[in-house]
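Chemist: run.txt is reproduced below (compact mmCIF, C-alpha atoms).
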```
# COMPACT_ATOMS: atom_id res chain seq x y z
CA ALA A 27 6.14 25.50 -78.19
CA GLN A 28 6.61 29.00 -79.40
CA LYS A 29 9.99 30.29 -80.51
CA VAL A 30 11.42 33.51 -81.90
CA THR A 31 14.66 33.59 -83.87
CA GLN A 32 16.64 36.72 -84.49
CA ALA A 33 19.55 35.34 -86.47
CA GLN A 34 21.41 38.63 -86.71
CA THR A 35 23.19 39.38 -83.44
CA GLU A 36 24.95 42.63 -84.30
CA ILE A 37 24.49 45.07 -87.15
CA SER A 38 26.56 48.17 -87.79
CA VAL A 39 25.56 50.81 -90.32
CA VAL A 40 26.48 54.36 -91.18
CA GLU A 41 23.95 57.06 -90.51
CA LYS A 42 21.31 57.49 -93.23
CA GLU A 43 21.60 53.90 -94.38
CA ASP A 44 18.50 51.74 -94.37
CA VAL A 45 18.64 48.64 -92.19
CA THR A 46 16.37 45.62 -91.82
CA LEU A 47 16.16 43.54 -88.67
CA ASP A 48 14.93 40.03 -89.24
CA CYS A 49 12.54 38.06 -87.06
CA VAL A 50 11.31 34.53 -87.66
CA TYR A 51 8.81 32.90 -85.35
CA GLU A 52 7.36 29.48 -84.68
CA THR A 53 3.96 28.77 -83.19
CA ARG A 54 1.25 26.14 -83.46
CA ASP A 55 -1.52 28.59 -82.75
CA THR A 56 -3.50 30.31 -85.46
CA THR A 57 -4.09 33.34 -83.25
CA TYR A 58 -1.01 35.06 -81.95
CA TYR A 59 0.58 38.46 -81.52
CA LEU A 60 3.95 39.78 -82.56
CA PHE A 61 5.82 42.65 -81.00
CA TRP A 62 8.96 44.68 -81.41
CA TYR A 63 10.65 46.38 -78.46
CA LYS A 64 13.62 48.72 -78.44
CA GLN A 65 16.18 48.73 -75.62
CA PRO A 66 18.40 51.82 -75.77
CA PRO A 67 21.71 51.97 -73.87
CA SER A 68 19.86 53.29 -70.82
CA GLY A 69 18.28 49.84 -70.49
CA GLU A 70 14.54 50.37 -70.51
CA LEU A 71 12.28 48.49 -72.91
CA VAL A 72 10.32 50.67 -75.29
CA PHE A 73 7.28 49.24 -77.05
CA LEU A 74 7.34 49.82 -80.81
CA ILE A 75 4.56 47.78 -82.38
CA ARG A 76 2.03 45.00 -81.86
CA ARG A 77 0.55 43.00 -84.72
CA ASN A 78 -2.01 40.19 -84.56
CA SER A 79 -1.88 37.15 -86.78
CA PHE A 80 -4.96 38.12 -88.75
CA ASP A 81 -3.56 41.41 -89.92
CA GLU A 82 -0.86 40.99 -92.52
CA GLN A 83 -0.89 44.58 -93.62
CA ASN A 84 2.49 46.21 -93.51
CA GLU A 85 2.79 49.15 -91.19
CA ILE A 86 4.75 52.35 -91.46
CA SER A 87 5.43 54.79 -88.66
CA GLY A 88 7.75 57.58 -89.68
CA ARG A 89 11.12 56.02 -90.51
CA TYR A 90 10.02 52.65 -89.15
CA SER A 91 8.22 49.99 -91.14
CA TRP A 92 7.26 46.42 -90.49
CA ASN A 93 6.72 43.59 -92.94
CA PHE A 94 4.61 40.69 -91.67
CA GLN A 95 4.52 37.56 -93.83
CA LYS A 96 2.69 34.55 -92.46
CA SER A 97 3.85 32.41 -95.38
CA THR A 98 7.43 32.67 -94.16
CA SER A 99 6.61 33.21 -90.46
CA SER A 100 8.53 36.45 -90.49
CA PHE A 101 7.98 39.87 -88.99
CA ASN A 102 10.84 42.05 -90.17
CA PHE A 103 11.56 45.58 -89.08
CA THR A 104 13.13 48.22 -91.34
CA ILE A 105 14.57 51.53 -90.28
CA THR A 106 14.87 53.99 -93.14
CA ALA A 107 17.57 56.65 -93.09
CA SER A 108 18.98 55.42 -89.79
CA GLN A 109 20.13 57.85 -87.14
CA VAL A 110 22.58 57.58 -84.27
CA VAL A 111 19.65 57.62 -81.85
CA ASP A 112 18.47 54.34 -83.37
CA SER A 113 21.44 52.59 -81.78
CA ALA A 114 19.93 50.05 -79.42
CA VAL A 115 19.11 46.41 -78.91
CA TYR A 116 15.92 45.41 -80.70
CA PHE A 117 13.79 42.51 -79.55
CA CYS A 118 11.11 40.68 -81.46
CA ALA A 119 8.55 38.85 -79.31
CA LEU A 120 5.62 36.50 -79.73
CA SER A 121 2.58 35.82 -77.60
CA GLU A 122 -0.05 33.21 -78.21
CA ALA A 123 -3.64 34.17 -77.46
CA ARG A 124 -5.25 31.66 -75.17
CA SER A 125 -8.43 31.58 -73.18
CA ALA A 126 -9.24 34.29 -70.70
CA GLY A 127 -7.16 33.82 -67.59
CA ALA A 128 -4.22 32.27 -69.40
CA ASN A 129 -0.66 33.48 -69.24
CA SER A 130 0.15 36.29 -71.63
CA LYS A 131 3.80 35.34 -71.69
CA LEU A 132 5.99 37.04 -74.23
CA THR A 133 8.57 34.81 -75.87
CA PHE A 134 11.49 36.97 -76.87
CA GLY A 135 14.20 36.52 -79.43
CA LYS A 136 17.78 37.03 -78.30
CA GLY A 137 17.88 40.55 -79.62
CA ILE A 138 19.82 42.40 -82.31
CA THR A 139 22.34 45.05 -81.36
CA LEU A 140 22.19 47.87 -83.87
CA SER A 141 24.99 50.41 -83.99
CA VAL A 142 24.53 53.47 -86.15
CA ARG A 143 27.78 55.35 -86.76
CA PRO A 144 27.85 59.07 -87.60
CA GLU B 16 1.70 59.57 -65.63
CA ALA B 17 0.91 55.93 -66.37
CA GLN B 18 3.92 53.84 -65.48
CA VAL B 19 5.47 50.75 -64.01
CA THR B 20 8.07 51.47 -61.35
CA GLN B 21 10.72 49.19 -59.91
CA ASN B 22 12.96 49.59 -56.91
CA PRO B 23 15.82 49.46 -56.48
CA ARG B 24 17.21 50.16 -59.93
CA TYR B 25 20.63 48.81 -59.03
CA LEU B 26 21.54 46.34 -56.31
CA ILE B 27 24.74 44.61 -55.29
CA THR B 28 24.36 41.89 -52.69
CA VAL B 29 26.04 38.77 -51.41
CA THR B 30 25.08 35.15 -51.74
CA GLY B 31 22.34 34.10 -49.37
CA LYS B 32 21.16 37.52 -48.26
CA LYS B 33 17.41 37.76 -48.84
CA LEU B 34 16.25 40.61 -51.03
CA THR B 35 13.05 41.98 -52.51
CA VAL B 36 12.63 43.93 -55.71
CA THR B 37 9.43 45.92 -55.72
CA CYS B 38 7.20 46.54 -58.70
CA SER B 39 4.25 48.88 -58.77
CA GLN B 40 1.90 50.02 -61.53
CA ASN B 41 -0.62 52.84 -61.44
CA MET B 42 -2.79 51.76 -64.38
CA ASN B 43 -5.13 49.37 -62.53
CA HIS B 44 -3.77 46.50 -64.61
CA GLU B 45 -4.79 42.98 -63.70
CA TYR B 46 -1.87 41.14 -65.31
CA MET B 47 1.68 41.50 -64.04
CA SER B 48 4.80 39.55 -64.79
CA TRP B 49 8.52 39.32 -64.04
CA TYR B 50 11.22 38.65 -66.62
CA ARG B 51 14.95 38.32 -66.42
CA GLN B 52 17.29 39.34 -69.22
CA ASP B 53 20.63 37.63 -69.72
CA PRO B 54 23.17 38.14 -72.52
CA GLY B 55 22.50 35.89 -75.48
CA LEU B 56 19.24 34.61 -73.98
CA GLY B 57 16.84 37.50 -74.41
CA LEU B 58 14.13 37.86 -71.78
CA ARG B 59 12.56 34.92 -70.00
CA GLN B 60 9.51 34.92 -67.81
CA ILE B 61 9.98 34.14 -64.12
CA TYR B 62 6.47 34.45 -62.64
CA TYR B 63 3.20 36.01 -63.57
CA SER B 64 -0.02 37.05 -61.90
CA MET B 65 -3.48 37.23 -63.43
CA ASN B 66 -4.91 39.21 -60.52
CA VAL B 67 -4.75 39.66 -56.76
CA GLU B 68 -3.79 36.41 -55.03
CA VAL B 69 -3.41 34.61 -58.38
CA THR B 70 0.19 33.84 -59.28
CA ASP B 71 1.91 31.12 -61.27
CA LYS B 72 5.31 30.03 -62.51
CA GLY B 73 6.81 31.12 -65.76
CA ASP B 74 9.72 29.49 -67.54
CA VAL B 75 12.49 30.09 -64.98
CA PRO B 76 10.90 30.26 -61.50
CA GLU B 77 13.58 28.42 -59.50
CA GLY B 78 15.01 30.51 -56.72
CA TYR B 79 12.29 33.16 -56.83
CA LYS B 80 9.05 33.89 -55.03
CA VAL B 81 6.34 36.43 -55.70
CA SER B 82 3.21 37.71 -54.02
CA ARG B 83 0.21 39.72 -55.17
CA LYS B 84 -1.62 41.06 -52.17
CA GLU B 85 -2.66 44.28 -53.86
CA LYS B 86 -3.50 44.88 -57.48
CA ARG B 87 -0.82 47.50 -58.00
CA ASN B 88 2.14 45.69 -56.43
CA PHE B 89 3.98 42.56 -57.49
CA PRO B 90 7.25 42.12 -55.57
CA LEU B 91 9.93 39.64 -56.58
CA ILE B 92 11.60 37.88 -53.67
CA LEU B 93 14.95 36.14 -53.71
CA GLU B 94 15.10 34.19 -50.45
CA SER B 95 18.71 33.08 -50.89
CA PRO B 96 20.28 34.76 -53.89
CA SER B 97 23.05 33.02 -55.79
CA PRO B 98 25.51 34.36 -58.38
CA ASN B 99 23.54 32.77 -61.23
CA GLN B 100 20.71 35.17 -60.39
CA THR B 101 22.87 38.09 -61.42
CA SER B 102 20.75 39.59 -64.17
CA LEU B 103 18.63 42.48 -65.38
CA TYR B 104 15.07 42.13 -64.13
CA PHE B 105 11.96 43.63 -65.66
CA CYS B 106 8.46 43.89 -64.31
CA ALA B 107 5.63 44.21 -66.82
CA SER B 108 1.91 44.80 -66.68
CA SER B 109 -1.08 44.82 -69.03
CA PRO B 110 -4.79 45.46 -68.50
CA THR B 111 -5.78 41.78 -68.58
CA GLY B 112 -4.11 38.55 -69.53
CA GLY B 113 -5.13 35.70 -71.73
CA PHE B 114 -7.28 35.80 -74.80
CA VAL B 115 -7.16 39.47 -75.52
CA GLN B 116 -3.47 40.19 -75.77
CA GLU B 117 -2.86 43.76 -74.90
CA THR B 118 0.52 45.36 -75.02
CA GLN B 119 2.64 44.76 -71.97
CA TYR B 120 4.37 47.77 -70.50
CA PHE B 121 7.70 47.30 -68.82
CA GLY B 122 9.30 48.91 -65.83
CA PRO B 123 12.75 50.53 -66.10
CA GLY B 124 14.60 47.39 -65.02
CA THR B 125 16.63 46.40 -61.95
CA ARG B 126 20.25 45.42 -62.34
CA LEU B 127 21.18 42.84 -59.74
CA LEU B 128 24.69 41.62 -58.99
CA VAL B 129 25.06 38.73 -56.55
CA LEU B 130 28.61 38.23 -55.28
```
Could you quickly redo this structure as structure tokens?

Modeler:
Amino acid sequence: AQKVTQAQTEISVVEKEDVTLDCVYETRDTTYYLFWYKQPPSGELVFLIRRNSFDEQNEISGRYSWNFQKSTSSFNFTITASQVVDSAVYFCALSEARSAGANSKLTFGKGITLSVRP
Amino acid sequence: EAQVTQNPRYLITVTGKKLTVTCSQNMNHEYMSWYRQDPGLGLRQIYYSMNVEVTDKGDVPEGYKVSRKEKRNFPLILESPSPNQTSLYFCASSPTGGFVQETQYFGPGTRLLVL
């Protein structure tokens, strides 16, 4: 069975600090997908990134970067120079690729609440 | 604008009073799904649908029903709501399900309180 662990529950930083959100996953499949979603205080889920298991290249998007390491089953998310607007709950999620017609269920971690103080 | 919509956004009801939460997407997506979000548990899948008239249970289907009569709509039905169904509900859709895992796009969420 697939599982996603976000061991950090709450993180508080001061604006402009860098912060890393950890995500560790478990799966038996060799083909799978990893995601990060952001949930701001307004409640909606905002898609941030999708990464497949064959692509271990790190990705950078502005102040956001992701480090995918299959050797440690981790997909960590770093925010550089954090801002107050980054305050949100962040979810890491995993989906196993199956045959066509199979359930594309996302297995979510419990989420990390990030508070960025001015 | 491509989007997933849910209605209502907020709902307070009483135990046993049947309710329906609607979900609609305008992207011609085949795959749709319902999740519930509870504190400390993250999001868990309730039901999913691969296409019209094709639905199946997710991880926490008890107490819920769904239907998929049209491609764009995937309503969630609570025949006899109970307080343990108080939660934040999300509908999601993606172009297809299964082998090619596209990104799922989520609706804005429906906050349900069952008294």

Chemist: For the atom pair CA of Lys42 (chain A) and CA of Thr106 (chain A), what is the interatomic distance in Å to one decimal place?

Modeler: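 Interatomic distance, CA of Lys42 (chain A) to CA of Thr106 (chain A): 7.3 Å.
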
Chemist: CA of Ile37 (chain A) to CA of Ser91 (chain A): how many Å, to one decimal?

Modeler: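 Those two atoms sit 17.5 Å apart.
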
Chemist: Using only C-alpha atoms, determine which residues of chain B fall within 12 Å of chain A; present them as a PyMOL selection string.

Modeler: chain B and resi 19-21+24-25+45-66+69-74+103-126

Chemist: Do a neighbour search on Glu41 (chain A) at 8 Å with only C-alpha atoms, toss out local chain neighbours closer than 3 positions, and write the hits as a list in words.

Modeler: Ala107, Ser108, Gln109, Val110, Val142, Arg143 and Pro144 of chain A

Chemist: Please, what is the axis-aligned box for every listed atom of region 32-36 of chain A with 4 Å on each side, as centre and edge lengths in Å to one decimal, as JSON?

Modeler:
```
{"center_x": 20.8, "center_y": 39.0, "center_z": -85.1, "size_x": 16.3, "size_y": 15.3, "size_z": 11.3}
```

Chemist: One decimal, Å: what's the distance from CA of Asn88 (chain B) over to CA of Asn41 (chain B), could you say?

Modeler: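 Calculated distance between CA of Asn88 (chain B) and CA of Asn41 (chain B) is 9.2 Å.
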
Chemist: Within 9 Å of Val67 (chain B), counting all atoms listed in the file, which residues qualify if same-chain residues fewer than 5 places away don't, as a list of chain:residue names?

Modeler: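 The residues that qualify are B:Glu45, B:Ser82, B:Arg83, B:Lys84, B:Glu85, B:Lys86, B:Arg87.
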
Chemist: May I have the residues within 10 Å of Lys32 (chain B) as a list in words, using all atoms listed in the file and disregarding those fewer than 6 positions away in the same chain?

Modeler: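 Answer for this query is Leu93, Glu94, Ser95, Pro96, Ser97 and Val129 of chain B.
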
Chemist: Take the residues from that selection and write them out as a tab-separated table (two decimals), in the coordinates of the input, keeping C-alpha atoms.

Modeler:
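The new file out07.tsv reads:
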```
chain	number	residue	atom	x	y	z
B	93	LEU	CA	14.95	36.14	-53.71
B	94	GLU	CA	15.10	34.19	-50.45
B	95	SER	CA	18.71	33.08	-50.89
B	96	PRO	CA	20.28	34.76	-53.89
B	97	SER	CA	23.05	33.02	-55.79
B	129	VAL	CA	25.06	38.73	-56.55
```
